[in-house]
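Asks: Contents of upload.cif (mmCIF, C-alpha atoms):
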```
data_start
#
loop_
_atom_site.label_atom_id
_atom_site.label_comp_id
_atom_site.auth_asym_id
_atom_site.auth_seq_id
_atom_site.Cartn_x
_atom_site.Cartn_y
_atom_site.Cartn_z
CA MET A 26 22.18 6.68 -5.35
CA LYS A 27 23.04 3.00 -5.28
CA ILE A 28 19.95 0.84 -4.78
CA SER A 29 21.05 -2.38 -6.49
CA LYS A 30 21.91 -4.20 -3.25
CA HIS A 31 18.43 -3.52 -1.87
CA ILE A 32 16.86 -4.99 -5.00
CA LEU A 33 19.01 -8.11 -4.76
CA TYR A 34 17.96 -8.55 -1.13
CA ALA A 35 14.33 -8.23 -2.22
CA GLN A 36 14.79 -10.96 -4.83
CA PHE A 37 16.25 -13.35 -2.26
CA ILE A 38 13.35 -12.61 0.11
CA PHE A 39 10.91 -13.20 -2.75
CA LEU A 40 12.48 -16.59 -3.46
CA PHE A 41 12.42 -17.62 0.21
CA LEU A 42 8.79 -16.58 0.75
CA THR A 43 7.73 -18.36 -2.42
CA ILE A 44 9.21 -21.65 -1.26
CA VAL A 45 7.87 -21.54 2.29
CA THR A 46 4.36 -20.39 1.31
CA THR A 47 3.74 -22.80 -1.58
CA PRO A 48 0.75 -24.96 -0.56
CA SER A 49 1.45 -28.67 -0.24
CA ARG A 50 -0.69 -31.20 -2.07
CA THR A 51 -2.34 -33.56 0.40
CA ALA A 52 -3.74 -36.80 -0.96
CA CYS A 53 -7.34 -37.74 -0.13
CA GLN A 54 -7.17 -40.66 2.28
CA THR A 55 -10.82 -41.16 3.16
CA SER A 56 -13.60 -43.04 1.46
CA ASN A 57 -15.58 -39.82 1.09
CA SER A 58 -15.40 -38.01 -2.21
CA CYS A 59 -13.10 -35.02 -2.24
CA GLU A 60 -12.03 -32.41 -4.74
CA ILE A 61 -8.63 -33.01 -6.29
CA ASP A 62 -6.37 -29.97 -6.36
CA THR A 63 -5.22 -29.57 -9.96
CA THR A 64 -3.37 -26.30 -9.36
CA LYS A 65 0.13 -26.30 -10.83
CA TYR A 66 2.84 -24.36 -9.00
CA LEU A 67 5.91 -23.12 -10.82
CA LEU A 68 9.08 -21.28 -9.79
CA GLY A 69 11.44 -19.89 -12.41
CA GLY A 70 14.48 -17.71 -12.91
CA SER A 71 15.93 -16.09 -16.03
CA ILE A 72 18.86 -13.89 -17.02
CA GLY A 73 19.54 -11.97 -20.20
CA LEU A 74 20.15 -8.60 -21.84
CA ASN A 75 18.18 -5.36 -21.80
CA ASP A 76 18.41 -3.02 -24.79
CA PHE A 77 17.55 0.16 -22.87
CA HIS A 78 16.96 3.67 -24.26
CA ILE A 79 15.95 6.86 -22.48
CA LYS A 80 15.59 10.54 -23.27
CA ASP A 81 15.13 12.45 -20.02
CA GLU A 82 15.26 16.21 -20.55
CA TYR A 83 15.59 16.73 -16.81
CA LEU A 84 19.17 15.42 -17.18
CA SER A 85 20.02 16.05 -20.83
CA PRO A 86 18.35 16.98 -24.14
CA TYR A 87 20.07 14.00 -25.79
CA PRO A 88 18.97 10.36 -25.90
CA PHE A 89 21.02 7.70 -24.11
CA GLY A 90 21.06 3.96 -24.60
CA GLY A 91 22.98 0.77 -24.06
CA ILE A 92 22.92 -2.97 -23.43
CA MET A 93 22.39 -3.83 -19.77
CA PHE A 94 22.22 -6.99 -17.67
CA SER A 95 18.70 -8.15 -16.75
CA SER A 96 17.15 -10.88 -14.63
CA LYS A 97 13.79 -11.99 -13.30
CA LEU A 98 12.24 -14.39 -10.80
CA LEU A 99 8.74 -15.79 -11.36
CA PHE A 100 6.23 -17.71 -9.26
CA GLU A 101 2.97 -18.98 -10.80
CA ALA A 102 -0.05 -20.85 -9.49
CA GLU A 103 -2.15 -22.02 -12.44
CA SER A 104 -5.51 -23.80 -12.41
CA GLU A 105 -7.93 -24.65 -15.20
CA ASN A 106 -9.73 -21.34 -14.73
CA GLY A 107 -6.92 -18.87 -14.16
CA LYS A 108 -3.39 -18.00 -13.17
CA HIS A 109 -1.77 -16.09 -10.30
CA ALA A 110 1.69 -14.69 -11.06
CA LEU A 111 4.26 -12.92 -8.90
CA GLU A 112 7.37 -11.55 -10.62
CA THR A 113 10.46 -9.54 -9.73
CA TYR A 114 12.73 -7.92 -12.31
CA PHE A 115 16.16 -6.27 -12.06
CA SER A 116 18.42 -4.63 -14.66
CA THR A 117 21.54 -2.47 -14.41
CA GLY A 118 24.33 -1.19 -16.62
CA LYS A 119 26.02 1.75 -18.33
CA ILE A 120 24.30 3.79 -21.03
CA ASP A 121 25.78 6.51 -23.23
CA SER A 122 25.11 8.95 -26.05
CA ASP A 123 27.04 9.59 -29.26
CA GLU A 124 26.13 13.27 -29.02
CA GLN A 125 27.00 13.79 -25.35
CA PRO A 126 29.40 11.17 -23.92
CA ARG A 127 28.95 10.94 -20.15
CA ASP A 128 29.28 8.43 -17.32
CA VAL A 129 25.68 7.33 -16.92
CA THR A 130 24.46 4.33 -14.91
CA SER A 131 20.88 3.07 -14.90
CA ILE A 132 19.13 0.73 -12.48
CA ILE A 133 15.67 -0.67 -13.22
CA ALA A 134 13.63 -2.88 -10.92
CA SER A 135 10.01 -3.98 -10.63
CA LEU A 136 7.72 -6.13 -8.53
CA SER A 137 4.34 -7.22 -9.91
CA TYR A 138 1.36 -9.40 -9.08
CA SER A 139 -1.38 -10.40 -11.50
CA TYR A 140 -4.38 -12.66 -11.81
CA THR A 141 -5.78 -13.59 -15.22
CA HIS A 142 -8.99 -15.57 -15.71
CA VAL A 143 -9.65 -17.80 -18.71
CA VAL A 144 -12.68 -16.39 -20.54
CA ASP A 145 -12.63 -18.48 -23.72
CA ASN A 146 -10.96 -21.51 -25.30
CA TRP A 147 -10.29 -21.63 -29.03
CA GLU A 148 -8.48 -23.91 -31.44
CA ILE A 149 -5.94 -22.89 -34.06
CA ALA A 150 -4.51 -25.60 -36.32
CA GLU A 151 -6.21 -28.11 -34.02
CA ARG A 152 -4.19 -26.89 -31.04
CA PRO A 153 -5.80 -25.23 -27.98
CA LEU A 154 -5.59 -21.49 -27.32
CA LYS A 155 -6.69 -20.02 -23.98
CA PHE A 156 -7.74 -16.36 -23.96
CA SER A 157 -7.55 -14.60 -20.59
CA VAL A 158 -8.26 -11.20 -19.08
CA GLY A 159 -7.36 -9.97 -15.64
CA ALA A 160 -5.87 -7.31 -13.43
CA GLY A 161 -2.91 -6.74 -11.17
CA PHE A 162 -0.66 -4.22 -9.53
CA SER A 163 3.02 -3.41 -9.95
CA SER A 164 5.79 -1.12 -8.79
CA LEU A 165 8.45 0.01 -11.27
CA VAL A 166 11.52 2.12 -10.50
CA MET A 167 14.06 3.48 -12.98
CA ASN A 168 17.02 5.38 -11.53
CA THR A 169 19.71 7.17 -13.56
CA ASP A 170 23.02 8.49 -12.17
CA PHE A 171 24.54 11.19 -14.39
CA VAL A 172 28.20 12.23 -14.01
CA THR A 173 30.07 14.70 -16.24
CA GLU A 174 33.04 17.06 -16.07
CA SER A 175 32.28 20.67 -15.19
CA LYS A 176 32.76 23.05 -18.12
CA ALA A 177 34.14 25.61 -15.66
CA GLY A 178 36.93 23.25 -14.62
CA LEU A 179 35.43 22.68 -11.18
CA GLY A 180 35.64 18.91 -11.27
CA LYS A 181 32.83 16.46 -11.75
CA TYR A 182 29.16 17.40 -11.90
CA TYR A 183 26.71 14.84 -10.53
CA ASP A 184 22.96 14.63 -11.02
CA GLU A 185 20.25 12.01 -10.65
CA SER A 186 16.82 11.33 -12.09
CA TRP A 187 14.19 8.70 -11.40
CA TYR A 188 10.79 7.39 -12.37
CA TRP A 189 8.91 5.42 -9.71
CA SER A 190 5.41 4.17 -10.47
CA HIS A 191 2.88 2.16 -8.47
CA SER A 192 0.13 1.07 -10.85
CA LEU A 193 -3.12 -0.84 -11.18
CA ASN A 194 -3.08 -2.79 -14.43
CA PHE A 195 -5.51 -4.23 -16.95
CA ILE A 196 -4.19 -7.42 -18.54
CA ILE A 197 -4.99 -9.38 -21.72
CA GLY A 198 -3.26 -12.70 -22.35
CA GLY A 199 -3.20 -15.81 -24.48
CA ASP A 200 -1.62 -19.27 -24.05
CA TYR A 201 -1.21 -21.31 -27.23
CA GLU A 202 -0.18 -24.97 -26.95
CA LEU A 203 2.15 -25.67 -29.86
CA SER A 204 2.51 -29.32 -28.81
CA GLU A 205 2.25 -31.37 -25.64
CA ASP A 206 5.68 -30.11 -24.54
CA LYS A 207 5.76 -26.61 -26.04
CA THR A 208 3.70 -23.51 -25.23
CA LEU A 209 3.69 -19.94 -26.55
CA LEU A 210 2.43 -17.26 -24.16
CA ALA A 211 1.66 -13.59 -24.82
CA GLN A 212 0.50 -10.82 -22.52
CA LEU A 213 -0.37 -7.12 -22.84
CA VAL A 214 -0.42 -4.94 -19.72
CA LEU A 215 -1.98 -1.45 -19.61
CA PRO A 216 -1.60 0.55 -16.36
CA PHE A 217 -4.92 2.39 -16.06
CA PHE A 218 -4.11 4.17 -12.77
CA ARG A 219 -0.67 5.13 -11.43
CA ILE A 220 1.04 6.98 -8.61
CA VAL A 221 4.20 8.39 -10.23
CA SER A 222 7.22 9.99 -8.58
CA ARG A 223 9.65 12.15 -10.58
CA PRO A 224 12.31 14.70 -9.55
CA TYR A 225 11.22 18.22 -8.71
CA ASN A 226 12.46 21.29 -10.58
CA GLY A 227 15.65 22.75 -9.16
CA HIS A 228 17.85 19.65 -9.12
CA TRP A 229 20.12 19.71 -6.03
CA ASN A 230 18.83 23.13 -4.93
CA ASN A 231 15.36 21.76 -4.24
CA PRO A 232 15.13 20.34 -0.68
CA LYS A 233 12.53 17.79 -1.81
CA ASN A 234 15.10 16.28 -4.18
CA SER A 235 17.74 16.32 -1.43
CA GLU A 236 15.45 14.30 0.85
CA ILE A 237 15.48 11.56 -1.77
CA ILE A 238 19.04 11.78 -3.09
CA ASN A 239 20.87 12.42 0.20
CA ASP A 240 18.63 10.91 2.88
CA ASN A 241 16.77 7.89 1.55
CA PHE A 242 15.97 7.01 -2.05
CA PHE A 243 12.88 5.12 -0.92
CA ASN A 244 11.29 8.47 -0.02
CA ALA A 245 10.53 8.67 -3.74
CA ALA A 246 8.15 5.74 -3.37
CA VAL A 247 5.72 7.77 -1.24
CA ASN A 248 5.92 11.15 -2.99
CA GLY A 249 4.08 10.50 -6.23
CA LYS A 250 1.20 12.14 -8.08
CA ARG A 251 -1.85 10.53 -9.67
CA GLU A 252 -1.94 9.62 -13.33
CA PHE A 253 -4.53 7.85 -15.45
CA LEU A 254 -4.18 5.81 -18.62
CA TRP A 255 -4.71 8.83 -20.87
CA ASP A 256 -2.30 11.19 -19.05
CA ASN A 257 0.96 9.57 -20.21
CA PHE A 258 1.40 6.53 -22.41
CA VAL A 259 2.76 3.45 -20.62
CA VAL A 260 2.58 -0.11 -21.96
CA TYR A 261 4.17 -3.46 -21.22
CA CYS A 262 4.05 -6.63 -23.30
CA ALA A 263 5.65 -10.05 -22.96
CA ILE A 264 6.09 -13.09 -25.21
CA ASP A 265 7.31 -16.37 -23.71
CA TYR A 266 8.24 -19.71 -25.23
CA LYS A 267 8.18 -22.62 -22.79
CA GLN A 268 9.42 -26.14 -23.55
CA LYS A 269 9.39 -29.16 -21.27
CA LEU A 270 12.87 -30.65 -20.75
CA LYS A 271 12.16 -33.20 -18.02
CA GLU A 272 9.25 -34.17 -15.82
CA ASN A 273 9.42 -31.05 -13.65
CA ILE A 274 11.83 -28.80 -15.58
CA TYR A 275 10.99 -26.35 -18.39
CA LEU A 276 13.13 -24.13 -20.60
CA ARG A 277 11.77 -20.59 -20.94
CA GLY A 278 12.77 -17.98 -23.49
CA SER A 279 11.29 -14.52 -22.93
CA TYR A 280 10.93 -11.22 -24.73
CA ARG A 281 9.82 -8.16 -22.75
CA PHE A 282 8.99 -4.71 -24.13
CA HIS A 283 8.28 -1.75 -21.88
CA PHE A 284 7.54 1.86 -22.85
CA VAL A 285 7.24 4.64 -20.27
CA SER A 286 6.61 8.36 -20.69
CA SER A 287 6.23 11.33 -18.36
CA GLU A 288 5.95 15.10 -18.67
CA ARG A 289 7.07 16.00 -15.13
CA PRO A 290 9.14 18.04 -14.48
CA LEU A 291 10.29 17.82 -18.11
CA SER A 292 9.63 15.33 -20.89
CA MET A 293 10.92 11.77 -20.39
CA ASN A 294 10.50 8.83 -22.77
CA SER A 295 12.02 5.42 -22.26
CA PHE A 296 11.74 1.97 -23.79
CA MET A 297 13.48 -1.35 -23.29
CA ASN A 298 13.70 -4.65 -25.12
CA ASN A 299 14.57 -7.58 -22.87
CA PHE A 300 15.76 -10.97 -24.09
CA LEU A 301 15.98 -13.57 -21.33
CA ILE A 302 16.46 -17.31 -20.99
CA GLY A 303 16.07 -19.50 -17.94
CA LEU A 304 14.53 -22.53 -16.27
CA ASP A 305 11.17 -23.13 -14.61
CA PHE A 306 10.65 -25.79 -11.96
CA SER A 307 7.31 -27.40 -11.22
CA LEU A 308 6.79 -27.57 -7.44
#
```
Could you render the structure from this file as structure tokens?

Replies:
Amino acid sequence: MKISKHILYAQFIFLFLTIVTTPSRTACQTSNSCEIDTTKYLLGGSIGLNDFHIKDEYLSPYPFGGIMFSSKLLFEAESENGKHALETYFSTGKIDSDEQPRDVTSIIASLSYSYTHVVDNWEIAERPLKFSVGAGFSSLVMNTDFVTESKAGLGKYYDESWYWSHSLNFIIGGDYELSEDKTLLAQLVLPFFRIVSRPYNGHWNNPKNSEIINDNFFNAAVNGKREFLWDNFVVYCAIDYKQKLKENIYLRGSYRFHFVSSERPLSMNSFMNNFLIGLDFSL
């Protein structure tokens, strides 16, 4: 099932809505005292590579992996007390296995919102460090198309697997100012409650799978089951380096690690290492 074009449309819509909904800063033009809005708005985009690995026993007992294209769009609204962040992510590419060569294509996409509140300010080497905690929600989909030749000489055999999760997340973060123009940011995200959709047993013979594969892949988004933090291990962490280039332009280098596991209908474990670079623009 090809869903990449829908994800690209979603990213363009995200960019448009971000621009038109960004609050304008109106100067105080009266003699009365007024509160100055110190909120900083930022819009950024990055591209890079995703070192993706998955072992999904629903499709194959062997692990698959490969280097895939990845990208993200980011909108932030940051004040002295906290930060709102809205992010979209998209990755696609071919993966393979040394033990079982096949034509396998993976598509990964996510949309997330978070708010983190500054709870303490420290100093390390006389430079400020902000420690934050917060919460958010996200939707992550991983889709794998699996094509192989039939051993019975009947042509190609096609199968598909997916993992779609809507989650509520607990977030811990830190922003360390290396200098006036350079900042190091780190964040750990733990999904404590999730609605997870996976294929049903029976592959193509199960009508519930056919509703998703043949009719509309987005049916998977509303056919999940509840999971809690302790049911299956899922974790996401990010490290960003941001450097000011000009007055309103910043260079951003990012590392993203994501691990996902599931036991339905069979065991699935997946992890990815993302390396991205891009530009942020202060609005």

Asks: Which residues match the PyMOL selection byres ((chain A and resi 286-301) around 7) in the file above, as a ChimeraX atom specification?

Replies: /A:71-83,223-226,257-259,278-285,302-303

Asks: Rank A:Asn146, A:Thr141, A:Thr64, A:Ser164 by their smallest atom-to-atom distance to Tyr201 in chain A, using all atoms listed in the file, and report the top residue only.

Replies: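 Smallest separation from Tyr201 in chain A among the options: A:Asn146.
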
Asks: Could you tell me which residues the PyMOL selection byres ((chain A and resi 200) around 6) grabs in this file, written as a PyMOL selection string?

Replies: chain A and resi 154-155+199+201+209-210

Asks: Please identify all polymer residues within 6 Å of range 212-221 of chain A, counting all atoms listed in the file, omitting same-chain residues fewer than 5 positions from it, and present them as a list of chain:residue names.

Replies: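 Counting all atoms listed in the file, the residues come to A:Trp189, A:Ser190, A:His191, A:Ser192, A:Leu193, A:Asn194, A:Phe195, A:Ile196, A:Ile197, A:Gly198, A:Gly249, A:Lys250, A:Arg251, A:Glu252, A:Phe253, A:Leu254, A:Val260, A:Tyr261, A:Cys262, A:Ala263.
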
Asks: Please, could you write that set of residues out with C-alpha atoms as a short mmCIF file (atom, residue, chain, number, x, y, z; two decimals), in the coordinates of the input?

Replies:
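Saved file result_22.cif follows:
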```cif
data_model
loop_
_atom_site.label_atom_id
_atom_site.label_comp_id
_atom_site.auth_asym_id
_atom_site.auth_seq_id
_atom_site.Cartn_x
_atom_site.Cartn_y
_atom_site.Cartn_z
CA TRP A 189 8.91 5.42 -9.71
CA SER A 190 5.41 4.17 -10.47
CA HIS A 191 2.88 2.16 -8.47
CA SER A 192 0.13 1.07 -10.85
CA LEU A 193 -3.12 -0.84 -11.18
CA ASN A 194 -3.08 -2.79 -14.43
CA PHE A 195 -5.51 -4.23 -16.95
CA ILE A 196 -4.19 -7.42 -18.54
CA ILE A 197 -4.99 -9.38 -21.72
CA GLY A 198 -3.26 -12.70 -22.35
CA GLY A 249 4.08 10.50 -6.23
CA LYS A 250 1.20 12.14 -8.08
CA ARG A 251 -1.85 10.53 -9.67
CA GLU A 252 -1.94 9.62 -13.33
CA PHE A 253 -4.53 7.85 -15.45
CA LEU A 254 -4.18 5.81 -18.62
CA VAL A 260 2.58 -0.11 -21.96
CA TYR A 261 4.17 -3.46 -21.22
CA CYS A 262 4.05 -6.63 -23.30
CA ALA A 263 5.65 -10.05 -22.96
#
```

Asks: Any chance you could work out the axis-aligned box around range 229-246 of chain A, listed atoms only, 6 Å on each side, giving centre and edge lengths in Å to one decimal, as lines of an AutoDock Vina configuration file?

Replies:
```
center_x = 14.5
center_y = 14.1
center_z = -1.6
size_x = 24.7
size_y = 30.0
size_z = 20.9
```

Asks: Could you spell out the hits of the PyMOL selection byres ((chain A and resi 66-70) around 9) on the shown file, as a ChimeraX atom specification?

Replies: /A:40,43-44,47-48,64-65,71-72,96-103,275,277,302-308

Asks: Next, dump the selected residues to file, keeping only C-alpha atoms, as a compact mmCIF listing (two decimals), in the coordinates of the input.

Replies:
```
# COMPACT_ATOMS: atom_id res chain seq x y z
CA LEU A 40 12.48 -16.59 -3.46
CA THR A 43 7.73 -18.36 -2.42
CA ILE A 44 9.21 -21.65 -1.26
CA THR A 47 3.74 -22.80 -1.58
CA PRO A 48 0.75 -24.96 -0.56
CA THR A 64 -3.37 -26.30 -9.36
CA LYS A 65 0.13 -26.30 -10.83
CA SER A 71 15.93 -16.09 -16.03
CA ILE A 72 18.86 -13.89 -17.02
CA SER A 96 17.15 -10.88 -14.63
CA LYS A 97 13.79 -11.99 -13.30
CA LEU A 98 12.24 -14.39 -10.80
CA LEU A 99 8.74 -15.79 -11.36
CA PHE A 100 6.23 -17.71 -9.26
CA GLU A 101 2.97 -18.98 -10.80
CA ALA A 102 -0.05 -20.85 -9.49
CA GLU A 103 -2.15 -22.02 -12.44
CA TYR A 275 10.99 -26.35 -18.39
CA ARG A 277 11.77 -20.59 -20.94
CA ILE A 302 16.46 -17.31 -20.99
CA GLY A 303 16.07 -19.50 -17.94
CA LEU A 304 14.53 -22.53 -16.27
CA ASP A 305 11.17 -23.13 -14.61
CA PHE A 306 10.65 -25.79 -11.96
CA SER A 307 7.31 -27.40 -11.22
CA LEU A 308 6.79 -27.57 -7.44
```
